[in-house]
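Structure record follows, encoded as structure tokens.
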Amino acid sequence: MSVRIRVLLSLVTCLFVSFFVSVATAHDQPNFIVIMADDMGYGDLSCYGATELSTPNIDKLASQGMRFTSGYCSASTCTPTRYSLLTGNYAFRKKGTGIAPPNAPAIIKPGTETIASLLKKAGYQTAVVGKWHLGLGGETGPDWNRQLKPGPLEIGFDTCFLLPTTNDRVPQVYVQDHRVPNLDPNDPLWVGNKKPSEDHPTGITHRDTLKMDWSHGHNSTIHNGISRIGFYTGGHAARFRDEDLADKWVEKSIEFIEANKEKPFFLFFSSHDLHVPRMPHERFQGKTKLGYRGDSIVQLDWCVGELMNTLDRLDLAEETMVVFCSDNGPVMDDGYKDFALQKLGSHKAAGPYTGGKYSIYEGGTRTPFITRWTGHIPVGVSDKMVCTIDLAASFASLVEVDLPSDACVDSFDVSQALLGKPDAQGRDHLIQQDNGNRGNYGFRVGDWKLQRHDGKTARNVVVERQLTNTKVPKFQLFYLAEDPAEQQNVIDQHPEVAEQLKEKLATLIEQGRSRPE
Ligand code: NG6
Ligand code: CA
């Protein structure tokens with residue numbers, strides 16, 4: 001064979017191989033979009049049984065993929081669930097993972113392996129758009145007028161466009177990568193927890209000017225006619241309107257998807273809907289009979305539609321695995337008089353479950369959970385137990401990145417269950433927590449559920465459950481197969497089951513990890 005022919009042949013082989021490698025990459029390594037709702041309960045979507053409102057776009061997503069009936073987040077408040085989603089570690093293992101205040105420093109330290117850093121090892125472009133609520137900056141907290149470091153970019157994200165905390169706390173500005181965009185140096189942003197001056201208007205002194213009144217807390221600095229948790233001044237040119245958040249998340253996400261349509265990407269779409277203050281865009285206000293809480297659900301449904309339309313337009317539906325989930329269960333009055341409870345009617349936000357946000361009853365953490373990857377995930381309903389904490393190990397497995405033994409210590413590879421494989425394993429157990437390190441746990445093992453109450457029962461659980469006092473038994477046992485609402489404590493009938501579960505729970509807490517080494 002002549003040299004020329006040999007060169008030509010090897011060139012052709014190269015092209016052939018690289019063609020198949022790139023095809024294989026496109027299929028084996030999907031893009032990932034994780035859409036996380038805020039404070040959405042199991043029963044808040046029409047595809048999960050809601051009849052008082054309609055969510056056509058999320059229903060469509062479910063009708064094109066797998067709808068899980070035992071899908072969970074790991075905690076019943078935001079910060080610990082998000083901490084666990086990103087790190088794959090239970091939040092109760094680490095101090096300072098409770099609901100973050102406005103000036104919280106970065107909770108996840110640089111060098112921590114995260115879902116984003118793992119995907120980066122497989123060549124992914126990574127972004128988080130929307131609510132962060134995991135702190136920014138070093139030990140002294142965020143330096144709002146300068147570089148906001150460390151943050152998402154120091155733990156594996158290439159880019160971010162954030163609501164820094166949660167919108168019922170200050171400040172109402174975005175964070176893009178390391179900066180607050182549009183900040184005028186002549187009007188610096190100050191954030192604190194003390195009134196900056198005697199005449200600083202607050203939700204108490206100027207209550208009659210508010211466009212939405214507060215019910216508890218949330219009565220400090222006023223912005224956009226809504227008083228918040230915490231105080232701030234300045235940064236006026238950088239401030240946003242609550243009504244525009246959802247549009248902004250969609251705009252920035254589409255920009256990211258379009259810019260990375262040729263590369264594998266991971267987008268964490270972290271919606272603020274339906275957290276308080278619920279102030280949906282004017283075009284969604286009044287769309288449901290459930291008040292702004294319902295209208296915010298419809299707004300999120302619209303966002304999902306926009307993202308899915310983008311995938312279709314760019315021909316990416318078959319190359320993208322979408323996961324829809326929530327960060328904790330529902331709450332009606334979380335600090336503002338938006339009439340969520342009064343307008344609830346027959347809507348059951350937690351579906352058949354008891355409790356909601358702040359609770360270790362199923363309603364606190366069992367939430368909508370949908371996966372779709374067109375052409376790869378069959379259409380159906382799955383009762384496999386899966387949790388947001390598992391996404392790190394599961395995505396790593398799908399892209400064949402090894403998990404270091406000391407990383408993601410509570411994240412299980414449930415990738416085959418997420419893909420809807422009929423004989424796949426879900427989790428066989430899950431620890432559910434409320435907020436931070438309060439010491440209350442739910443522990444589901446198969447159809448059994450143990451509750452361990454070491455801490456104080458949250459105020460809204462006391463109200464919801466009409467408890468006359470908060471001295472609930474330290475342990476309760478429920479048989480979920482017959483009693484999904486956790487109404488019949490059967491601990492006296494099944495002492496041996498309770499003992500086994502107590503012991504296993506204690507071991508999993510004490511040994512510092514639940515994923516086998
Ligand atoms: C609580 C707030 C609540 C909400 C929650 C965080 C009060 C009385 N309650 O402390 O309104 O902001 O924190 O919600 O201030 S989460 O979904 O981000 O965890
Ligand atoms: Ca939340």
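Chain labels A, B, ... are given in the sequence in which chains occur in the structure tokens; within each chain residues are numbered consecutively from 1, and ligands are likewise numbered from 1 in the order shown.
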
Next item on the list: Enumerate as a PyMOL selection string the residues within 6 Å of ligand 2, counting only C-alpha atoms and all ligand atoms.
Entry: chain A and resi 38-39+77-78+327-328

How would the residues just picked look written out with all heavy atoms as a PDB file, in the first residue's frame?
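To be explicit, this is the file written out as selection19.pdb:
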```
ATOM      1  N   ASP A  38     -39.979  25.803  44.339  1.00  0.00           N
ATOM      2  CA  ASP A  38     -39.764  26.239  45.720  1.00  0.00           C
ATOM      3  C   ASP A  38     -41.085  26.120  46.480  1.00  0.00           C
ATOM      4  O   ASP A  38     -42.083  26.753  46.092  1.00  0.00           O
ATOM      5  CB  ASP A  38     -39.266  27.696  45.688  1.00  0.00           C
ATOM      6  CG  ASP A  38     -38.604  28.119  46.975  1.00  0.00           C
ATOM      7  OD1 ASP A  38     -38.713  27.397  47.976  1.00  0.00           O
ATOM      8  OD2 ASP A  38     -37.975  29.197  46.974  1.00  0.00           O
ATOM      9  N   ASP A  39     -41.094  25.323  47.524  1.00  0.00           N
ATOM     10  CA  ASP A  39     -42.286  25.171  48.385  1.00  0.00           C
ATOM     11  C   ASP A  39     -43.474  24.549  47.639  1.00  0.00           C
ATOM     12  O   ASP A  39     -44.628  24.862  47.945  1.00  0.00           O
ATOM     13  CB  ASP A  39     -42.733  26.519  48.988  1.00  0.00           C
ATOM     14  CG  ASP A  39     -41.709  27.147  49.911  1.00  0.00           C
ATOM     15  OD1 ASP A  39     -40.622  26.574  50.102  1.00  0.00           O
ATOM     16  OD2 ASP A  39     -42.014  28.220  50.464  1.00  0.00           O
ATOM     17  N   THR A  77     -37.017  22.182  54.392  1.00  0.00           N
ATOM     18  CA  THR A  77     -36.765  23.597  54.103  1.00  0.00           C
ATOM     19  C   THR A  77     -35.715  23.676  52.999  1.00  0.00           C
ATOM     20  O   THR A  77     -35.092  22.677  52.632  1.00  0.00           O
ATOM     21  CB  THR A  77     -36.252  24.396  55.321  1.00  0.00           C
ATOM     22  OG1 THR A  77     -35.053  23.789  55.798  1.00  0.00           O
ATOM     23  CG2 THR A  77     -37.288  24.447  56.435  1.00  0.00           C
ATOM     24  N   CYS A  78     -35.553  24.916  52.547  1.00  0.00           N
ATOM     25  CA  CYS A  78     -34.809  25.149  51.319  1.00  0.00           C
ATOM     26  C   CYS A  78     -33.297  24.902  51.414  1.00  0.00           C
ATOM     27  O   CYS A  78     -32.729  24.111  50.667  1.00  0.00           O
ATOM     28  CB  CYS A  78     -35.078  26.592  50.947  1.00  0.00           C
ATOM     29  SG  CYS A  78     -33.957  27.286  49.831  1.00  0.00           S
ATOM     30  N   ASP A 327     -38.134  21.771  46.480  1.00  0.00           N
ATOM     31  CA  ASP A 327     -37.137  21.815  47.570  1.00  0.00           C
ATOM     32  C   ASP A 327     -37.717  21.501  48.938  1.00  0.00           C
ATOM     33  O   ASP A 327     -36.979  21.234  49.878  1.00  0.00           O
ATOM     34  CB  ASP A 327     -36.402  23.160  47.594  1.00  0.00           C
ATOM     35  CG  ASP A 327     -37.281  24.301  48.115  1.00  0.00           C
ATOM     36  OD1 ASP A 327     -38.522  24.200  48.042  1.00  0.00           O
ATOM     37  OD2 ASP A 327     -36.717  25.297  48.599  1.00  0.00           O
ATOM     38  N   ASN A 328     -39.019  21.582  49.069  1.00  0.00           N
ATOM     39  CA  ASN A 328     -39.708  21.187  50.303  1.00  0.00           C
ATOM     40  C   ASN A 328     -41.205  21.252  50.036  1.00  0.00           C
ATOM     41  O   ASN A 328     -41.643  21.781  49.015  1.00  0.00           O
ATOM     42  CB  ASN A 328     -39.318  22.072  51.509  1.00  0.00           C
ATOM     43  CG  ASN A 328     -39.482  23.556  51.287  1.00  0.00           C
ATOM     44  OD1 ASN A 328     -38.500  24.276  51.162  1.00  0.00           O
ATOM     45  ND2 ASN A 328     -40.708  24.022  51.199  1.00  0.00           N
TER      46      ASN A 328
END
```

Margin query: As a quick test: using only C-alpha atoms and all ligand atoms, which residues lie no more than 6 Å away from ligand 1? Give them as a PyMOL selection string.
Written below: chain A and resi 39+77-79+99+166+168+216-217+334-335

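In the backbone-derived DSSP annotation, strand (DSSP E) within segment 272-432 of chain A comprises Thr320, Met321, Val322, Val323, Phe324, Cys325, Ser326, Ile370, Thr371, Arg372, Gly380, Val381, Ser382, Asp383, Lys384, Met385, Val386, Cys387, His429, Leu430, Ile431 and Gln432 of chain A.
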
Export of the given selection (C-alpha atoms) as a PDB file, in the first residue's frame:
```pdb
ATOM      1  CA  THR A 320     -31.427  16.243  27.380  1.00  0.00           C
ATOM      2  CA  MET A 321     -32.516  14.608  30.606  1.00  0.00           C
ATOM      3  CA  VAL A 322     -34.921  16.849  32.494  1.00  0.00           C
ATOM      4  CA  VAL A 323     -35.662  16.388  36.187  1.00  0.00           C
ATOM      5  CA  PHE A 324     -38.495  18.300  37.825  1.00  0.00           C
ATOM      6  CA  CYS A 325     -38.581  18.419  41.638  1.00  0.00           C
ATOM      7  CA  SER A 326     -39.269  20.662  44.624  1.00  0.00           C
ATOM      8  CA  ILE A 370     -40.552  13.820  37.098  1.00  0.00           C
ATOM      9  CA  THR A 371     -37.817  12.668  34.717  1.00  0.00           C
ATOM     10  CA  ARG A 372     -37.924  13.010  30.940  1.00  0.00           C
ATOM     11  CA  GLY A 380     -45.015   5.821  32.886  1.00  0.00           C
ATOM     12  CA  VAL A 381     -45.418   6.089  36.615  1.00  0.00           C
ATOM     13  CA  SER A 382     -42.817   4.742  39.019  1.00  0.00           C
ATOM     14  CA  ASP A 383     -43.118   3.979  42.724  1.00  0.00           C
ATOM     15  CA  LYS A 384     -39.341   3.611  43.155  1.00  0.00           C
ATOM     16  CA  MET A 385     -37.986   5.733  46.002  1.00  0.00           C
ATOM     17  CA  VAL A 386     -35.691   8.464  44.646  1.00  0.00           C
ATOM     18  CA  CYS A 387     -34.470  11.704  46.180  1.00  0.00           C
ATOM     19  CA  HIS A 429     -34.262   3.810  52.894  1.00  0.00           C
ATOM     20  CA  LEU A 430     -34.239   7.596  53.218  1.00  0.00           C
ATOM     21  CA  ILE A 431     -33.644   9.977  56.101  1.00  0.00           C
ATOM     22  CA  GLN A 432     -35.904  13.027  56.000  1.00  0.00           C
TER      23      GLN A 432
END
```

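Counting only C-alpha atoms, the residue from A:Arg293, A:Lys60, A:Lys357, A:Arg169 that sits nearest to Phe339 of chain A is A:Arg293.
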
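With atom CA of Val445 of chain A on one side and atom CA of Pro404 of chain A on the other, the separation reads 26.3 Å.
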
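If you look at atom CA of Thr310 of chain A and atom CA of Val173 of chain A, they are 26.4 Å away from each other.
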
Checklist line | Given only C-alpha atoms as the counted atoms, nearest of A:Asp406, A:Asp301, A:Asp315, A:Asp143 to Glu517 of chain A | finding: A:Asp406

Item checked: Leu153 of chain A surroundings by only C-alpha atoms, 9 Å radius, close-in-sequence under 6 positions cut, as a PyMOL selection string -> chain A and resi 110+127+159-160+177-178

Keeping only all heavy atoms, write those residues as a compact mmCIF listing (two decimals), in the first residue's frame.
```
# COMPACT_ATOMS: atom_id res chain seq x y z
N PRO A 110 -15.26 25.94 48.90
CA PRO A 110 -14.51 25.55 47.70
C PRO A 110 -13.73 24.26 47.98
O PRO A 110 -13.22 24.07 49.09
CB PRO A 110 -13.54 26.72 47.48
CG PRO A 110 -14.18 27.88 48.17
CD PRO A 110 -14.97 27.32 49.32
N ALA A 127 -24.31 25.61 34.83
CA ALA A 127 -24.87 26.91 35.24
C ALA A 127 -25.96 26.72 36.27
O ALA A 127 -26.68 25.72 36.26
CB ALA A 127 -25.46 27.64 34.02
N THR A 159 -20.95 29.36 35.38
CA THR A 159 -21.62 30.66 35.40
C THR A 159 -22.86 30.59 36.28
O THR A 159 -23.38 29.49 36.54
CB THR A 159 -21.97 31.10 33.95
OG1 THR A 159 -22.55 32.41 33.98
CG2 THR A 159 -22.94 30.16 33.28
N CYS A 160 -23.29 31.77 36.76
CA CYS A 160 -24.52 31.79 37.54
C CYS A 160 -25.25 33.10 37.34
O CYS A 160 -24.64 34.12 37.02
CB CYS A 160 -24.22 31.56 39.03
SG CYS A 160 -23.28 32.89 39.82
N ASP A 177 -22.40 35.82 38.12
CA ASP A 177 -21.04 35.34 38.40
C ASP A 177 -20.57 35.93 39.75
O ASP A 177 -21.13 35.60 40.75
CB ASP A 177 -20.12 35.63 37.22
CG ASP A 177 -20.58 34.84 35.98
OD1 ASP A 177 -21.29 33.83 36.17
OD2 ASP A 177 -20.27 35.24 34.85
N HIS A 178 -19.61 36.86 39.73
CA HIS A 178 -19.12 37.36 41.02
C HIS A 178 -19.63 38.75 41.39
O HIS A 178 -19.14 39.35 42.34
CB HIS A 178 -17.58 37.40 41.00
CG HIS A 178 -16.96 36.04 41.06
ND1 HIS A 178 -15.92 35.65 40.25
CD2 HIS A 178 -17.24 34.97 41.85
CE1 HIS A 178 -15.59 34.39 40.52
NE2 HIS A 178 -16.37 33.97 41.49
```

Note to self: I need the residues of segment 259-402 of chain A that end up classed as alpha helix (DSSP H) by DSSP on the backbone, written out as a PyMOL selection string.
What the structure shows: chain A and resi 259+292-313+362-365+391-398

Check: In terms of the shortest atom-to-atom distance over only C-alpha atoms, which of A:Ala340, A:Cys408, A:Leu419, A:Val191 is closest to Gly375 of chain A?
Finding: A:Leu419

Notebook entry, point to check: Which residues, written as a VMD selection string, have at least one atom at most 9 Å from segment 133-136 of chain A, with only C-alpha atoms counted and residues fewer than 2 positions away on the same chain left out?
Noted result: chain A and resid 78 to 80 82 to 83 97 99 to 108 131 138 141 to 143 148 to 152 163 to 166

Just to be explicit: take each residue in the selection above, keep N, CA and C atoms, and write the result as a PDB file, in the first residue's frame.
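Listed below is the output, out_17.pdb:
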```pdb
ATOM      1  N   CYS A  78     -35.553  24.916  52.547  1.00  0.00           N
ATOM      2  CA  CYS A  78     -34.809  25.149  51.319  1.00  0.00           C
ATOM      3  C   CYS A  78     -33.297  24.902  51.414  1.00  0.00           C
ATOM      4  N   THR A  79     -32.641  25.600  52.329  1.00  0.00           N
ATOM      5  CA  THR A  79     -31.175  25.555  52.355  1.00  0.00           C
ATOM      6  C   THR A  79     -30.643  24.126  52.513  1.00  0.00           C
ATOM      7  N   PRO A  80     -31.163  23.336  53.473  1.00  0.00           N
ATOM      8  CA  PRO A  80     -30.625  21.977  53.580  1.00  0.00           C
ATOM      9  C   PRO A  80     -30.898  21.098  52.358  1.00  0.00           C
ATOM     10  N   ARG A  82     -31.110  22.119  49.250  1.00  0.00           N
ATOM     11  CA  ARG A  82     -30.222  22.567  48.162  1.00  0.00           C
ATOM     12  C   ARG A  82     -28.775  22.180  48.456  1.00  0.00           C
ATOM     13  N   TYR A  83     -28.405  22.273  49.727  1.00  0.00           N
ATOM     14  CA  TYR A  83     -27.069  21.825  50.130  1.00  0.00           C
ATOM     15  C   TYR A  83     -26.894  20.351  49.738  1.00  0.00           C
ATOM     16  N   THR A  97     -26.293  24.626  58.144  1.00  0.00           N
ATOM     17  CA  THR A  97     -26.991  24.345  56.887  1.00  0.00           C
ATOM     18  C   THR A  97     -28.492  24.610  57.000  1.00  0.00           C
ATOM     19  N   ILE A  99     -31.839  27.289  57.279  1.00  0.00           N
ATOM     20  CA  ILE A  99     -32.259  28.422  56.436  1.00  0.00           C
ATOM     21  C   ILE A  99     -31.281  29.588  56.579  1.00  0.00           C
ATOM     22  N   ALA A 100     -30.694  30.001  55.452  1.00  0.00           N
ATOM     23  CA  ALA A 100     -29.604  30.988  55.491  1.00  0.00           C
ATOM     24  C   ALA A 100     -30.137  32.418  55.602  1.00  0.00           C
ATOM     25  N   PRO A 101     -29.551  33.219  56.494  1.00  0.00           N
ATOM     26  CA  PRO A 101     -29.932  34.638  56.595  1.00  0.00           C
ATOM     27  C   PRO A 101     -29.329  35.451  55.443  1.00  0.00           C
ATOM     28  N   PRO A 102     -29.769  36.716  55.276  1.00  0.00           N
ATOM     29  CA  PRO A 102     -29.319  37.511  54.117  1.00  0.00           C
ATOM     30  C   PRO A 102     -27.802  37.613  53.964  1.00  0.00           C
ATOM     31  N   ASN A 103     -27.081  37.761  55.061  1.00  0.00           N
ATOM     32  CA  ASN A 103     -25.628  37.950  54.934  1.00  0.00           C
ATOM     33  C   ASN A 103     -24.840  36.677  55.198  1.00  0.00           C
ATOM     34  N   ALA A 104     -25.421  35.519  54.945  1.00  0.00           N
ATOM     35  CA  ALA A 104     -24.721  34.255  55.208  1.00  0.00           C
ATOM     36  C   ALA A 104     -23.515  34.102  54.285  1.00  0.00           C
ATOM     37  N   PRO A 105     -22.385  33.628  54.817  1.00  0.00           N
ATOM     38  CA  PRO A 105     -21.249  33.291  53.952  1.00  0.00           C
ATOM     39  C   PRO A 105     -21.540  32.003  53.177  1.00  0.00           C
ATOM     40  N   ALA A 106     -20.702  31.713  52.186  1.00  0.00           N
ATOM     41  CA  ALA A 106     -20.899  30.503  51.377  1.00  0.00           C
ATOM     42  C   ALA A 106     -20.893  29.271  52.283  1.00  0.00           C
ATOM     43  N   ILE A 107     -21.937  28.484  52.193  1.00  0.00           N
ATOM     44  CA  ILE A 107     -22.076  27.309  53.068  1.00  0.00           C
ATOM     45  C   ILE A 107     -21.279  26.120  52.510  1.00  0.00           C
ATOM     46  N   ILE A 108     -21.243  26.005  51.191  1.00  0.00           N
ATOM     47  CA  ILE A 108     -20.471  24.912  50.580  1.00  0.00           C
ATOM     48  C   ILE A 108     -19.083  25.462  50.242  1.00  0.00           C
ATOM     49  N   LYS A 131     -32.847  30.938  42.314  1.00  0.00           N
ATOM     50  CA  LYS A 131     -32.616  31.062  43.764  1.00  0.00           C
ATOM     51  C   LYS A 131     -31.383  30.277  44.207  1.00  0.00           C
ATOM     52  N   GLY A 138     -16.713  34.797  51.814  1.00  0.00           N
ATOM     53  CA  GLY A 138     -15.916  34.105  52.842  1.00  0.00           C
ATOM     54  C   GLY A 138     -16.535  34.239  54.221  1.00  0.00           C
ATOM     55  N   GLY A 141     -18.942  36.879  55.180  1.00  0.00           N
ATOM     56  CA  GLY A 141     -20.175  37.023  54.396  1.00  0.00           C
ATOM     57  C   GLY A 141     -19.954  37.801  53.120  1.00  0.00           C
ATOM     58  N   PRO A 142     -21.036  38.080  52.418  1.00  0.00           N
ATOM     59  CA  PRO A 142     -20.906  38.703  51.093  1.00  0.00           C
ATOM     60  C   PRO A 142     -20.445  40.156  51.154  1.00  0.00           C
ATOM     61  N   ASP A 143     -19.573  40.504  50.251  1.00  0.00           N
ATOM     62  CA  ASP A 143     -19.143  41.883  50.091  1.00  0.00           C
ATOM     63  C   ASP A 143     -19.912  42.399  48.878  1.00  0.00           C
ATOM     64  N   LEU A 148     -18.194  38.800  44.852  1.00  0.00           N
ATOM     65  CA  LEU A 148     -18.945  37.908  45.732  1.00  0.00           C
ATOM     66  C   LEU A 148     -18.361  36.505  45.603  1.00  0.00           C
ATOM     67  N   LYS A 149     -17.356  36.271  46.401  1.00  0.00           N
ATOM     68  CA  LYS A 149     -16.566  35.039  46.298  1.00  0.00           C
ATOM     69  C   LYS A 149     -16.288  34.497  47.679  1.00  0.00           C
ATOM     70  N   PRO A 150     -16.265  33.216  47.935  1.00  0.00           N
ATOM     71  CA  PRO A 150     -16.661  32.158  47.009  1.00  0.00           C
ATOM     72  C   PRO A 150     -18.184  32.061  46.874  1.00  0.00           C
ATOM     73  N   GLY A 151     -18.581  31.383  45.824  1.00  0.00           N
ATOM     74  CA  GLY A 151     -19.983  31.170  45.510  1.00  0.00           C
ATOM     75  C   GLY A 151     -20.055  29.986  44.570  1.00  0.00           C
ATOM     76  N   PRO A 152     -21.088  29.941  43.743  1.00  0.00           N
ATOM     77  CA  PRO A 152     -21.253  28.795  42.838  1.00  0.00           C
ATOM     78  C   PRO A 152     -20.034  28.536  41.943  1.00  0.00           C
ATOM     79  N   LEU A 163     -30.739  34.863  42.323  1.00  0.00           N
ATOM     80  CA  LEU A 163     -31.360  35.563  43.434  1.00  0.00           C
ATOM     81  C   LEU A 163     -30.541  35.079  44.634  1.00  0.00           C
ATOM     82  N   PRO A 164     -29.800  35.983  45.306  1.00  0.00           N
ATOM     83  CA  PRO A 164     -28.810  35.468  46.263  1.00  0.00           C
ATOM     84  C   PRO A 164     -29.396  34.685  47.438  1.00  0.00           C
ATOM     85  N   THR A 165     -30.508  35.127  48.006  1.00  0.00           N
ATOM     86  CA  THR A 165     -31.033  34.364  49.148  1.00  0.00           C
ATOM     87  C   THR A 165     -32.402  33.837  48.783  1.00  0.00           C
ATOM     88  N   THR A 166     -33.415  34.294  49.455  1.00  0.00           N
ATOM     89  CA  THR A 166     -34.780  33.958  49.077  1.00  0.00           C
ATOM     90  C   THR A 166     -35.502  35.291  49.122  1.00  0.00           C
TER      91      THR A 166
END
```

Margin query: Applying 9 Å and only C-alpha atoms, which residues near Tyr361 of chain A remain after dropping the ones on its own chain fewer than 3 positions away? List them as a PyMOL selection string.
Written below: chain A and resi 353-356+364-366+432+442+451+485-486

Could those residues be written to a file, using N, CA and C atoms, as a PDB file, in the first residue's frame?
```pdb
ATOM      1  N   TYR A 353     -50.872  13.530  51.790  1.00  0.00           N
ATOM      2  CA  TYR A 353     -49.916  13.465  52.901  1.00  0.00           C
ATOM      3  C   TYR A 353     -50.162  14.537  53.958  1.00  0.00           C
ATOM      4  N   THR A 354     -49.650  14.242  55.129  1.00  0.00           N
ATOM      5  CA  THR A 354     -49.779  15.158  56.262  1.00  0.00           C
ATOM      6  C   THR A 354     -48.550  16.054  56.317  1.00  0.00           C
ATOM      7  N   GLY A 355     -48.738  17.253  56.860  1.00  0.00           N
ATOM      8  CA  GLY A 355     -47.603  18.156  57.046  1.00  0.00           C
ATOM      9  C   GLY A 355     -47.213  18.840  55.751  1.00  0.00           C
ATOM     10  N   GLY A 356     -46.138  19.598  55.820  1.00  0.00           N
ATOM     11  CA  GLY A 356     -45.664  20.338  54.661  1.00  0.00           C
ATOM     12  C   GLY A 356     -44.309  20.897  55.023  1.00  0.00           C
ATOM     13  N   GLY A 364     -43.762  17.007  54.057  1.00  0.00           N
ATOM     14  CA  GLY A 364     -42.609  17.909  54.100  1.00  0.00           C
ATOM     15  C   GLY A 364     -41.609  17.653  52.995  1.00  0.00           C
ATOM     16  N   THR A 365     -41.483  16.387  52.598  1.00  0.00           N
ATOM     17  CA  THR A 365     -40.419  16.043  51.644  1.00  0.00           C
ATOM     18  C   THR A 365     -40.873  15.206  50.453  1.00  0.00           C
ATOM     19  N   ARG A 366     -42.066  14.608  50.526  1.00  0.00           N
ATOM     20  CA  ARG A 366     -42.496  13.858  49.336  1.00  0.00           C
ATOM     21  C   ARG A 366     -43.148  14.855  48.388  1.00  0.00           C
ATOM     22  N   GLN A 432     -35.291  11.728  56.305  1.00  0.00           N
ATOM     23  CA  GLN A 432     -35.904  13.027  56.000  1.00  0.00           C
ATOM     24  C   GLN A 432     -35.639  13.947  57.189  1.00  0.00           C
ATOM     25  N   GLY A 442     -37.397  11.971  59.869  1.00  0.00           N
ATOM     26  CA  GLY A 442     -38.289  10.935  59.382  1.00  0.00           C
ATOM     27  C   GLY A 442     -37.366   9.872  58.809  1.00  0.00           C
ATOM     28  N   GLN A 451     -40.655   8.163  62.902  1.00  0.00           N
ATOM     29  CA  GLN A 451     -40.380   9.580  63.174  1.00  0.00           C
ATOM     30  C   GLN A 451     -39.644   9.691  64.499  1.00  0.00           C
ATOM     31  N   ALA A 485     -51.118   8.885  55.285  1.00  0.00           N
ATOM     32  CA  ALA A 485     -51.256  10.186  55.955  1.00  0.00           C
ATOM     33  C   ALA A 485     -50.655  10.192  57.352  1.00  0.00           C
ATOM     34  N   GLU A 486     -50.040   9.075  57.761  1.00  0.00           N
ATOM     35  CA  GLU A 486     -49.389   9.010  59.078  1.00  0.00           C
ATOM     36  C   GLU A 486     -50.335   9.462  60.197  1.00  0.00           C
TER      37      GLU A 486
END
```

Checklist line | Residues within 12 Å of His494 of chain A, only C-alpha atoms, excluding chain neighbours under 6 positions, as an MDAnalysis selection string | finding: chainID A and resid 448:450 476:479 500:501

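One finds atom CA of Ser70 of chain A at 21.6 Å from atom CA of Phe268 of chain A.
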
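Counting only C-alpha atoms and comparing A:Arg444, A:Lys248, A:His272, A:Arg313, the residue that lies closest to Met36 of chain A is A:His272.
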
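Between Gly351 of chain A and the candidates A:Gly512, A:Pro484, A:Asp247, A:Phe161, the tightest atom-to-atom separation, counting only C-alpha atoms, involves A:Pro484.
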
Check: Any idea what's packed within 9 Å of Ile204 of chain A, counting only C-alpha atoms, ignoring anything in its chain fewer than 5 positions away? Could you give it as number ranges by chain?
Finding: A: 219-220, 227
